[in-house]
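Data block below; observations after.
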4 protein chains.
Amino acid sequence: MGMVGGGEGAFIGAVHRMAAALDGQIDLVAGALSGTPEKSRRSGAALGLAPQRSYPTWQTMVEGELARPPGERIHFVSVVTPNDLHYPVARAFAEAGIHVVCDKPLVHTSEQASDLMAVVQRSGVVFAVTYNYSGYPMVREARHLVRDGRLGQVRKVIVEYNQGWLATRLEETGNKQAGWRTDPARSGLAGAVGDIGSHAEHLAATVTGLELEAICADLTTFVPGRQLDDDANMLLRYAGGARGVLWCSQIGIGAENDLRLRVFGTRGSLCWRQEEPNTLEVQFLDAPLQMLRRGNPYLSAAAQAASRLPSGHPEAFIEAFANVYRGVAEAIRARLEGRAPDPLIADFPTLEEGARGVQFIERVVESGRSEVKWTPARWSSPAAAPPQSAQKA
Amino acid sequence: MGMVGGGEGAFIGAVHRMAAALDGQIDLVAGALSGTPEKSRRSGAALGLAPQRSYPTWQTMVEGELARPPGERIHFVSVVTPNDLHYPVARAFAEAGIHVVCDKPLVHTSEQASDLMAVVQRSGVVFAVTYNYSGYPMVREARHLVRDGRLGQVRKVIVEYNQGWLATRLEETGNKQAGWRTDPARSGLAGAVGDIGSHAEHLAATVTGLELEAICADLTTFVPGRQLDDDANMLLRYAGGARGVLWCSQIGIGAENDLRLRVFGTRGSLCWRQEEPNTLEVQFLDAPLQMLRRGNPYLSAAAQAASRLPSGHPEAFIEAFANVYRGVAEAIRARLEGRAPDPLIADFPTLEEGARGVQFIERVVESGRSEVKWTPARWSSPAAAPPQSAQKA
Amino acid sequence: MGMVGGGEGAFIGAVHRMAAALDGQIDLVAGALSGTPEKSRRSGAALGLAPQRSYPTWQTMVEGELARPPGERIHFVSVVTPNDLHYPVARAFAEAGIHVVCDKPLVHTSEQASDLMAVVQRSGVVFAVTYNYSGYPMVREARHLVRDGRLGQVRKVIVEYNQGWLATRLEETGNKQAGWRTDPARSGLAGAVGDIGSHAEHLAATVTGLELEAICADLTTFVPGRQLDDDANMLLRYAGGARGVLWCSQIGIGAENDLRLRVFGTRGSLCWRQEEPNTLEVQFLDAPLQMLRRGNPYLSAAAQAASRLPSGHPEAFIEAFANVYRGVAEAIRARLEGRAPDPLIADFPTLEEGARGVQFIERVVESGRSEVKWTPARWSSPAAAPPQSAQKA
Amino acid sequence: MGMVGGGEGAFIGAVHRMAAALDGQIDLVAGALSGTPEKSRRSGAALGLAPQRSYPTWQTMVEGELARPPGERIHFVSVVTPNDLHYPVARAFAEAGIHVVCDKPLVHTSEQASDLMAVVQRSGVVFAVTYNYSGYPMVREARHLVRDGRLGQVRKVIVEYNQGWLATRLEETGNKQAGWRTDPARSGLAGAVGDIGSHAEHLAATVTGLELEAICADLTTFVPGRQLDDDANMLLRYAGGARGVLWCSQIGIGAENDLRLRVFGTRGSLCWRQEEPNTLEVQFLDAPLQMLRRGNPYLSAAAQAASRLPSGHPEAFIEAFANVYRGVAEAIRARLEGRAPDPLIADFPTLEEGARGVQFIERVVESGRSEVKWTPARWSSPAAAPPQSAQKA
């Protein structure tokens with residue numbers, strides 16, 4: 001694979017690389033890793049890229065890879081830049097016929113998302129968005145239980161994502177992560193909502209398959225001098241009558257990366273916490289709480305396929321991330337081999353889900369500014385097909 | 001003490017009796033325990049009341065006690081009927097100069113609450129409302145930490161109260177508890193919001209001392225055929241800029257009595273769960289999570305005073321409830337002895353807090369029906385003094 | 001009831017009183033509460049005893065109560081003194097035909113235990129030993145599951161009881177509890193083993209019904225200057241081939257009152273912790289971990305009968321203790337009424353179990369001094385009948 | 001690197017490969033992966049080995065690699081065969097001057113261990129034993145806290161390792177893992193004690209630095225027909241007066257891979273559980289329980305250096321395992337570069353620790369057969385230097 005972004009001082013690029021490397025089937029061979037040619041060169045050298053494939057810019061990388069014989073190009077590019085570059089970079093590679101893995105949130109606006117969808121449709125490339133939390137085996141078990149009707153009809157969804165690392169004005173200290181995330185030019189029109197609220201939206205949608213109908217949001221910037229929201233609470237209404245609450249915060253002192261989902265149906269409920277990802281709590285009416293644990297024989301095929309180690313040998317963040325990469329690799333490999341991908345493996349968040357996430361951010365921000373209670377949230381793209389993940393369950 | 005309600009088939013009356021008995025200083029000596037004279041008599045006999053003080057109705061009980069010589073009357077009455085009788089019963093005893101312990105929600109309407117406050121002001125009786133969860137030692141520790149500024153300025157409050165026992169139409173099965181709680185005539189204008197949402201409101205207010213400014217609520221009745229809400233989600237705005245989320249549900253399958261409070265400030269945060277009440281999680285900026293445990297020397301005087309057993313010998317629901325009764329007993333005893341009550345002991349929810357709770361329910365229901373985002377929630381009684389608990393911390 | 005011990009400065013006496021009072025059927029009417037007549041009088045006055053029944057010594061209390069007309073004597077006495085007085089006091093009351101509730105460990109030696117058993121057999125009184133942890137509803141559920149064969153044949157038992165309050169030389173600070181517990185004259189031949197190890201032994205025996213065959217113990221006194229063990233580790237062998245580990249410590253800094261039991265059988269396992277007593281973890285082969293919770297309809301009749309509140313309204317230490325008192329009250333009441341006691345209620349640790357506990361302590365101390373690996377632990381009393389609790393399941 | 005073992009049907013080999021690959025600095029380039037030439041060839045092809053370096057046997061692999069020019073040989077070999085091959089394979093590669101990573105238990109007997117130590121001393125190769133649990137960041141934090149004296153003098157160690165997967169006779173079902181582990185010829189003289197008890201021993205030694213003085217063990221084979229122990233309980237005595245309990249079991253139904261360590265000192269205590277490895281519980285005298293969490297700024301340099309992701313982004317088994325590989329890589333790289341290795345990185349279990357583990361197994365088995373209480377456990381190798389890890393803290 002190739003990578004754009006993820007050089008010196010970046011955090012998530014290294015995670016992508018570990019995730020891609022884990023199964024021994026993906027090698028990093030090209031990159032435009034940093035914002036300046038000099039830093040890109042240094043970062044490429046540090047990662048052992050061949051000098052001729054350590055490109056000074058993403059534009060030269062597109063050109064350089066296209067100039068190579070078809071069999072010697074990267075199979076796909078991983079876009080791990082700050083948010084503002086997702087659109088031009090992903091578009092250029094997709095246009096060039098190179099498959100794309102892109103970090104979330106996908107792009108800044110619905111217009112960009114629609115355009116990108118059109119480009120991808122034309123070029124036919126595989127396109128994944130790294131909503132990495134959907135890669136956890138127990139999230140797949142949760143999705144299986146809900147989609148299989150085991151909890152009955154979903155009535156209520158509580159999804160929360162709490163962090164505390166931005167409780168003070170960290171962006172003033174030179175922290176690169178805090179810097180771009182709190183800068184509207186690079187982060188987009190939302191702060192916490194874009195950075196983590198979008199993960200919460202995706203997690204809830206992935207597990208429940210419910211379509212969001214309306215949002216009532218209260219966005220706050222608690223840290224003085226900050227331009228974007230660092231906290232948001234919202235009420236949700238889903239098609240079919242389910243109700244929800246989503247809250248996310250980056251000022252929740254003590255919270256590390258506390259993403260939690262609870263789903264209540266007419267026959268049972270479930271609870272999953274990202275920080276203890278090997279456990280899924282499930283409860284049926286008048287029965288004891290069950291703690292389902294990764295790696296056990298009683299789990300679904302979807303959960304088993306997403307798992308690498310026996311039960312009790314905990315898996316965590318990188319393995320979940322790696323499941324997205326393994327899914328993309330399977331989809332690409334299947335194309336190369338002219339066969340249908342294994343649906344249990346080629347299970348990753350799609351471009352449509354990324355576009356839905358962009359729309360979610362827009363509508364939340366809109367609701368936050370509105371005096372009217374409910375802001376419609378319907379997914380109304382021309383390609384109104386249900387997102388691909390809904391068909392997988 | 002005397003008791004109105006709590007006879008055959010009741011649940012909470014027995015809890016009040018155990019709570020009152022725990023410290024060996026309160027005896028049940030009179031009562032009008034059930035809705036009919038015959039059942040009242042049977043219930044009184046079962047509890048060992050003297051026949052002449054086992055009254056057929058609460059009206060005859062007021063008369064009967066007043067007819068006794070002053071020193072031989074009950075010191076106070078405990079009102080544990082369904083909600084609709086709180087107002088007339090509490091009013092009559094207060095009018096008669098008998099101290100009152102009344103279950104929550106206090107009454108059905110703000111008008112009743114104002115009238116009751118006027119009566120109590122005239123008669124000068126001690127009046128407590130059994131928001132029993134405020135009696136837990138670790139809730140008092142939480143209140144101490146917040147009011148003492150240990151968490152800095154409060155930014156965010158998350159309070160949730162989840163139950164699952166009404167996930168099906170239990171009221172159709174003859175279950176007495178479910179019956180009156182889902183009946184507007186007896187329960188009042190709200191279901192889950194009145195029954196448990198009001199506890200959540202009180203807990204958040206007790207711990208933070210924050211004044212609620214505006215509410216944005218989404219109320220739902222999930223179980224077909226039910227008349228009152230069995231689920232509610234709401235956004236909260238507090239005076240001074242803090243934000244909050246409150247949700248309560250009685251259709252959350254698997255949840256038993258899952259009341260939780262999280263408070264995030266500029267310097268730290270806390271989390272408390274009613275189902276594991278001996279522990280309070282506290283976290284300060286860049287420091288490890290601390291699990292404060294009841295009965296340890298590092299706790300505040302308020303928490304110590306509310307505790308009966310050494311650490312590790314768990315206390316629970318009844319002891320917390322008993323703290324309300326012990327507080328009332330201390331307040332009454334102090335009056336009898338012509339001294340100031342010990343503030344660490346005479347620490348119980350007041351009539352003002354009960355009235356605020358009634359107003360909360362009204363405003364939540366109003367918000368639930370409104371298309372406008374924010375419904376004002378300000379406490380605007382003529383006696384606009386901050387509730388007594390705010391002065392205790 | 002009457003009480004011997006439990007006056008000024010005592011801890012456990014107050015717990016006994018709260019436990020006895022909880023259900024409103026037991027009144028404290030007589031006592032010899034402290035070690036000196038003056039302190040006894042003061043303690044009696046503080047607890048509202050009639051002066052003529054606040055006895056200066058336990059000897060005068062026996063005489064005084066016997067001097068009253070039969071219907072006006074106490075129904076039973078509760079013996080809550082330091083260990084050294086259990087034997088003479090319990091013996092005297094039993095001899096006088098007054099039922100006895102006695103704290104554990106029952107007496108200092110097997111000889112005393114045998115003598116006491118003979119006295120009780122002659123006089124025919126009800127005799128209970130307050131191994132209070134056996135009163136927890138979820139312990140009764142555990143006993144039910146094991147005795148009912150739900151876990152298959154028991155293979156392994158892990159029971160631990162960890163406290164940290166004696167990690168320093170607290171007995172030098174004037175702490176009364178620490179004082180007598182570390183004094184061989186009052187505490188007996190063991191320290192931690194007698195004080196808490198005996199609870200662990202009883203809990204394991206109650207739940208599993210297994211007969212201990214041999215013990216291999218390592219006793220330690222960690223705190224310099226202390227005379228009795230403050231820590232013990234031991235291997236256990238049970239009749240029938242099960243194996244076990246028991247360890248107890250009072251120097252485990254951070255531990256409060258951490259009694260835990262794990263039982264592993266051929267079909268499943270269970271785990272219970274005293275500090276979170278409303279939950280019982282149960283796991284069957286190849287099935288998810290189940291968290292059984294007090295108050296739910298799926299529990300056994302034994303667990304239901306021991307429970308007072310709905311699920312989620314936590315019960316704790318005092319309620320478990322109260323179950324012992326309620327059991328004794330039922331046994332006495334049944335005698336007075338000439339009927340068989342309700343076995344679900346009259347479920348309390350017997351004199352035989354207390355005697356077995358004394359023997360356990362003796363054998364552990366013997367093993368601790370032995371260079372031979374295994375010290376026999378067989379229950380070899382002349383009245384070699386299995387303890388009563390074994391017949392209850 | 002090269003690998004011996006880990007081909008078709010193996011479990012731990014894949015883990016080693018993921019662990020080695022994680023940081024992108026170790027490539028698998030040679031192997032003798034299975035027990036037969038045919039299977040080795042197939043396994044090598046599946047993993048993408050060049051055919052000429054996919055050797056039919058480990059003997060041909062040693063020869064083949066030695067036949068290559070020095071700069072083109074593998075830097076080290078990873079030995080992941082069943083236990084019986086550790087000795088000849090590790091010995092041969094060490095003899096050939098190729099660095100070795102060897103799974104545990106190191107070899108079958110102390111004699112083999114001594115011989116291997118002599119060989120390694122002569123050849124001077126780097127030699128690591130994959131006691132992988134010592135690679136967890138929070139284990140390193142625990143080691144730091146104890147070695148730094150933060151808990152005072154260690155008094156008590158409780159280490160347990162509970163699994164349930166061998167609760168039935170799984171080895172009869174064709175399960176390859178169960179097969180060799182229960183076969184004395186391949187597994188060695190112990191079953192559970194060798195497979196997991198040795199991990200427990202290593203974990204306790206790593207964290208505390210205490211030297212084991214005497215063991216009193218009770219070994220059991222619960223599953224009929226099995227030849228080796230599947231359960232063991234033991235008492236431990238350490239030099240300097242500390243006491244301990246170690247128990248391990250593979251018949252503990254419900255347990256997955258439940259390795260836990262508790263250490264109690266004169267000033268504080270700690271608790272760590274492998275199944276929730278990102279948390280370390282620490283408690284100081286009279287202070288609240290602290291939950292230390294991986295990735296936070298308050299941790300030691302040792303814990304930080306062993307961590308790859310920010311707090312709340314959980315790391316787990318593979319990352320801990322990878323720390324062993326990263327340590328070996330650093331040690332080898334430092335040699336190649338003629339510099340001292342970074343002690344925070346080159347932190348891995350040594351050959352001495354592996355030899356100590358073999359001796360531990362021998363002494364436990366000896367104690368299990370003995371009627372005498374205490375079996376000496378002193379490390380009495382000629383090279384009686386303290387194990388290398390003791391010098392690292």
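Every chain in the structure tokens takes a letter, A first, then B, and so on in the order presented; its residues are numbered from 1, and the ligands are numbered from 1 following the presented order.
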| said: Can you pull out the residues contacting region 139-156 of chain A? Cut-off 7 Å, using only C-alpha atoms, and skip same-chain residues under 2 positions away; I want them as a VMD selection string. | reply: chain A and resid 134 136 to 137 158 206 to 208 242 to 244 263 to 269 299 to 300 302 to 303 393
| said: Show me, as a ChimeraX atom specification, the residues of chain A whose atoms get within 6 Å of chain C, using only C-alpha atoms for the distance check. | reply: /A:288-292
Between region 279-358 of chain B and region 22-39 of chain C, at 12 Å or less, what are the per-residue closest atom pairs and their distances in Å? Count only C-alpha atoms, order by chain and rising residue number, and return it as JSON lines.
```
{"residue": "B:Ile318", "atom": "CA", "partner": "C:Leu22", "partner_atom": "CA", "distance": 9.5}
{"residue": "B:Glu319", "atom": "CA", "partner": "C:Leu22", "partner_atom": "CA", "distance": 10.6}
{"residue": "B:Ala322", "atom": "CA", "partner": "C:Leu22", "partner_atom": "CA", "distance": 10.9}
```
I need the chosen residues saved as a JSON list (two decimals), in the first residue's frame, with C-alpha atoms.
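Okay, result32.json is ready:
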```
[["chain", "number", "residue", "atom", "x", "y", "z"],
["B", 318, "ILE", "CA", -32.25, 0.69, 53.53],
["B", 319, "GLU", "CA", -29.42, 2.47, 55.31],
["B", 322, "ALA", "CA", -32.80, 5.34, 57.14]]
```
| remark: Separating CA of Gln227 (chain B) from CA of Ser249 (chain B), to the nearest tenth of an Å, is a gap of 14.8 Å
| Just asking: which residues within region 24-264 of chain B are alpha helix (DSSP H) according to DSSP, as a VMD selection string? | chain B and resid 37 to 46 58 to 67 86 to 95 110 to 123 137 to 147 176 to 181 184 to 187 192 198 to 208
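Omitting region 166-168 of chain D and its sequence neighbours fewer than 2 positions away, and counting only C-alpha atoms, the residues within 7 Å are Gly164, Leu170, Val223, Gln250, Ile251, Gly252 and Ile253 of chain D.
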Suppose we keep C-alpha atoms; can you now write the selection as a PDB file, in the first residue's frame?
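Result file follows (result-v3.pdb):
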```pdb
ATOM      1  CA  GLY D 164     -11.054 -23.931  31.844  1.00  0.00           C
ATOM      2  CA  LEU D 170     -10.264 -32.327  24.911  1.00  0.00           C
ATOM      3  CA  VAL D 223      -9.828 -35.381  34.225  1.00  0.00           C
ATOM      4  CA  GLN D 250      -6.871 -25.848  33.414  1.00  0.00           C
ATOM      5  CA  ILE D 251     -10.162 -27.291  34.653  1.00  0.00           C
ATOM      6  CA  GLY D 252     -11.640 -24.039  35.955  1.00  0.00           C
ATOM      7  CA  ILE D 253     -14.756 -23.922  33.832  1.00  0.00           C
TER       8      ILE D 253
END
```
| query | Among region 36-277 of chain A, which residues carry a DSSP assignment of strand (DSSP E), reported as JSON, numbers by chain? | reply | {"A": [76, 77, 78, 79, 99, 100, 101, 102, 127, 128, 129, 154, 155, 156, 157, 158, 159, 160, 161, 162, 212, 213, 214, 215, 216, 217, 218, 219, 220, 231, 232, 233, 234, 235, 236, 237, 238, 243, 244, 245, 246, 247, 248, 249, 258, 259, 260, 261, 262, 263, 264, 265, 268, 269, 270, 271, 272, 273]}
Next, dump the selected residues to file, keeping only C-alpha atoms, as an mmCIF file, in the first residue's frame.
```cif
data_model
loop_
_atom_site.group_PDB
_atom_site.id
_atom_site.type_symbol
_atom_site.label_atom_id
_atom_site.label_comp_id
_atom_site.auth_asym_id
_atom_site.auth_seq_id
_atom_site.Cartn_x
_atom_site.Cartn_y
_atom_site.Cartn_z
ATOM 1 C CA PHE A 76 -4.336 1.012 -2.590
ATOM 2 C CA VAL A 77 -3.605 4.236 -0.805
ATOM 3 C CA SER A 78 -4.308 5.003 2.811
ATOM 4 C CA VAL A 79 -5.263 8.643 3.419
ATOM 5 C CA HIS A 99 -8.261 1.822 -4.377
ATOM 6 C CA VAL A 100 -8.649 4.036 -1.306
ATOM 7 C CA VAL A 101 -8.741 3.688 2.444
ATOM 8 C CA CYS A 102 -9.639 7.056 3.919
ATOM 9 C CA PHE A 127 -13.253 2.624 -1.082
ATOM 10 C CA ALA A 128 -13.216 2.153 2.680
ATOM 11 C CA VAL A 129 -13.601 4.673 5.489
ATOM 12 C CA VAL A 154 -35.141 -1.675 18.927
ATOM 13 C CA ARG A 155 -36.708 0.974 21.123
ATOM 14 C CA LYS A 156 -33.826 2.965 22.472
ATOM 15 C CA VAL A 157 -30.221 3.658 21.653
ATOM 16 C CA ILE A 158 -27.761 5.321 24.007
ATOM 17 C CA VAL A 159 -24.391 6.050 22.487
ATOM 18 C CA GLU A 160 -21.758 8.126 24.155
ATOM 19 C CA TYR A 161 -18.172 9.000 23.420
ATOM 20 C CA ASN A 162 -16.346 10.729 26.180
ATOM 21 C CA LEU A 212 -31.824 8.514 11.741
ATOM 22 C CA GLU A 213 -34.823 10.757 11.152
ATOM 23 C CA ALA A 214 -34.337 13.817 13.311
ATOM 24 C CA ILE A 215 -31.752 15.378 15.600
ATOM 25 C CA CYS A 216 -32.004 17.864 18.429
ATOM 26 C CA ALA A 217 -28.511 18.961 19.387
ATOM 27 C CA ASP A 218 -26.891 21.190 21.973
ATOM 28 C CA LEU A 219 -23.290 22.022 21.087
ATOM 29 C CA THR A 220 -20.938 23.757 23.471
ATOM 30 C CA ASP A 231 -18.928 18.953 23.718
ATOM 31 C CA ALA A 232 -22.294 17.968 22.294
ATOM 32 C CA ASN A 233 -25.473 16.394 23.605
ATOM 33 C CA MET A 234 -28.259 15.347 21.312
ATOM 34 C CA LEU A 235 -31.604 13.628 21.181
ATOM 35 C CA LEU A 236 -32.237 11.293 18.286
ATOM 36 C CA ARG A 237 -35.350 10.024 16.571
ATOM 37 C CA TYR A 238 -35.134 7.052 14.297
ATOM 38 C CA ARG A 243 -35.449 7.026 20.276
ATOM 39 C CA GLY A 244 -31.887 7.792 21.149
ATOM 40 C CA VAL A 245 -29.385 9.893 22.974
ATOM 41 C CA LEU A 246 -25.912 10.622 21.688
ATOM 42 C CA TRP A 247 -23.409 12.611 23.605
ATOM 43 C CA CYS A 248 -19.775 13.215 23.006
ATOM 44 C CA SER A 249 -17.266 15.316 24.799
ATOM 45 C CA ASP A 258 -14.836 6.022 26.434
ATOM 46 C CA LEU A 259 -17.089 5.018 23.575
ATOM 47 C CA ARG A 260 -20.113 3.050 24.769
ATOM 48 C CA LEU A 261 -23.228 1.783 23.110
ATOM 49 C CA ARG A 262 -26.413 0.552 24.721
ATOM 50 C CA VAL A 263 -29.331 -0.772 22.709
ATOM 51 C CA PHE A 264 -32.684 -1.655 24.228
ATOM 52 C CA GLY A 265 -35.219 -3.703 22.327
ATOM 53 C CA GLY A 268 -33.495 -7.703 25.313
ATOM 54 C CA SER A 269 -30.682 -5.229 25.492
ATOM 55 C CA LEU A 270 -26.957 -5.004 24.971
ATOM 56 C CA CYS A 271 -24.087 -2.866 26.145
ATOM 57 C CA TRP A 272 -20.590 -2.560 24.705
ATOM 58 C CA ARG A 273 -17.652 -0.445 25.827
#
```
| query | What is the distance, in Å and to one decimal place, between CA of Gln274 (chain B) and CA of Asn257 (chain B)? | reply |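 According to the coordinates, CA of Gln274 (chain B) and CA of Asn257 (chain B) are separated by 7.6 Å.
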| request: Can you pull out every residue within 10 Å of Val125 (chain D), counting only C-alpha atoms, but drop anything in the same chain fewer than 2 positions away, and send it as a list in words? | output: Phe76, Phe93, Ala94, Glu95, Ala96, Gly97, Ile98, His99, Val100, Val119, Val120, Gln121, Arg122, Ser123, Phe127, Ala128, Ile332 and Arg335 of chain D
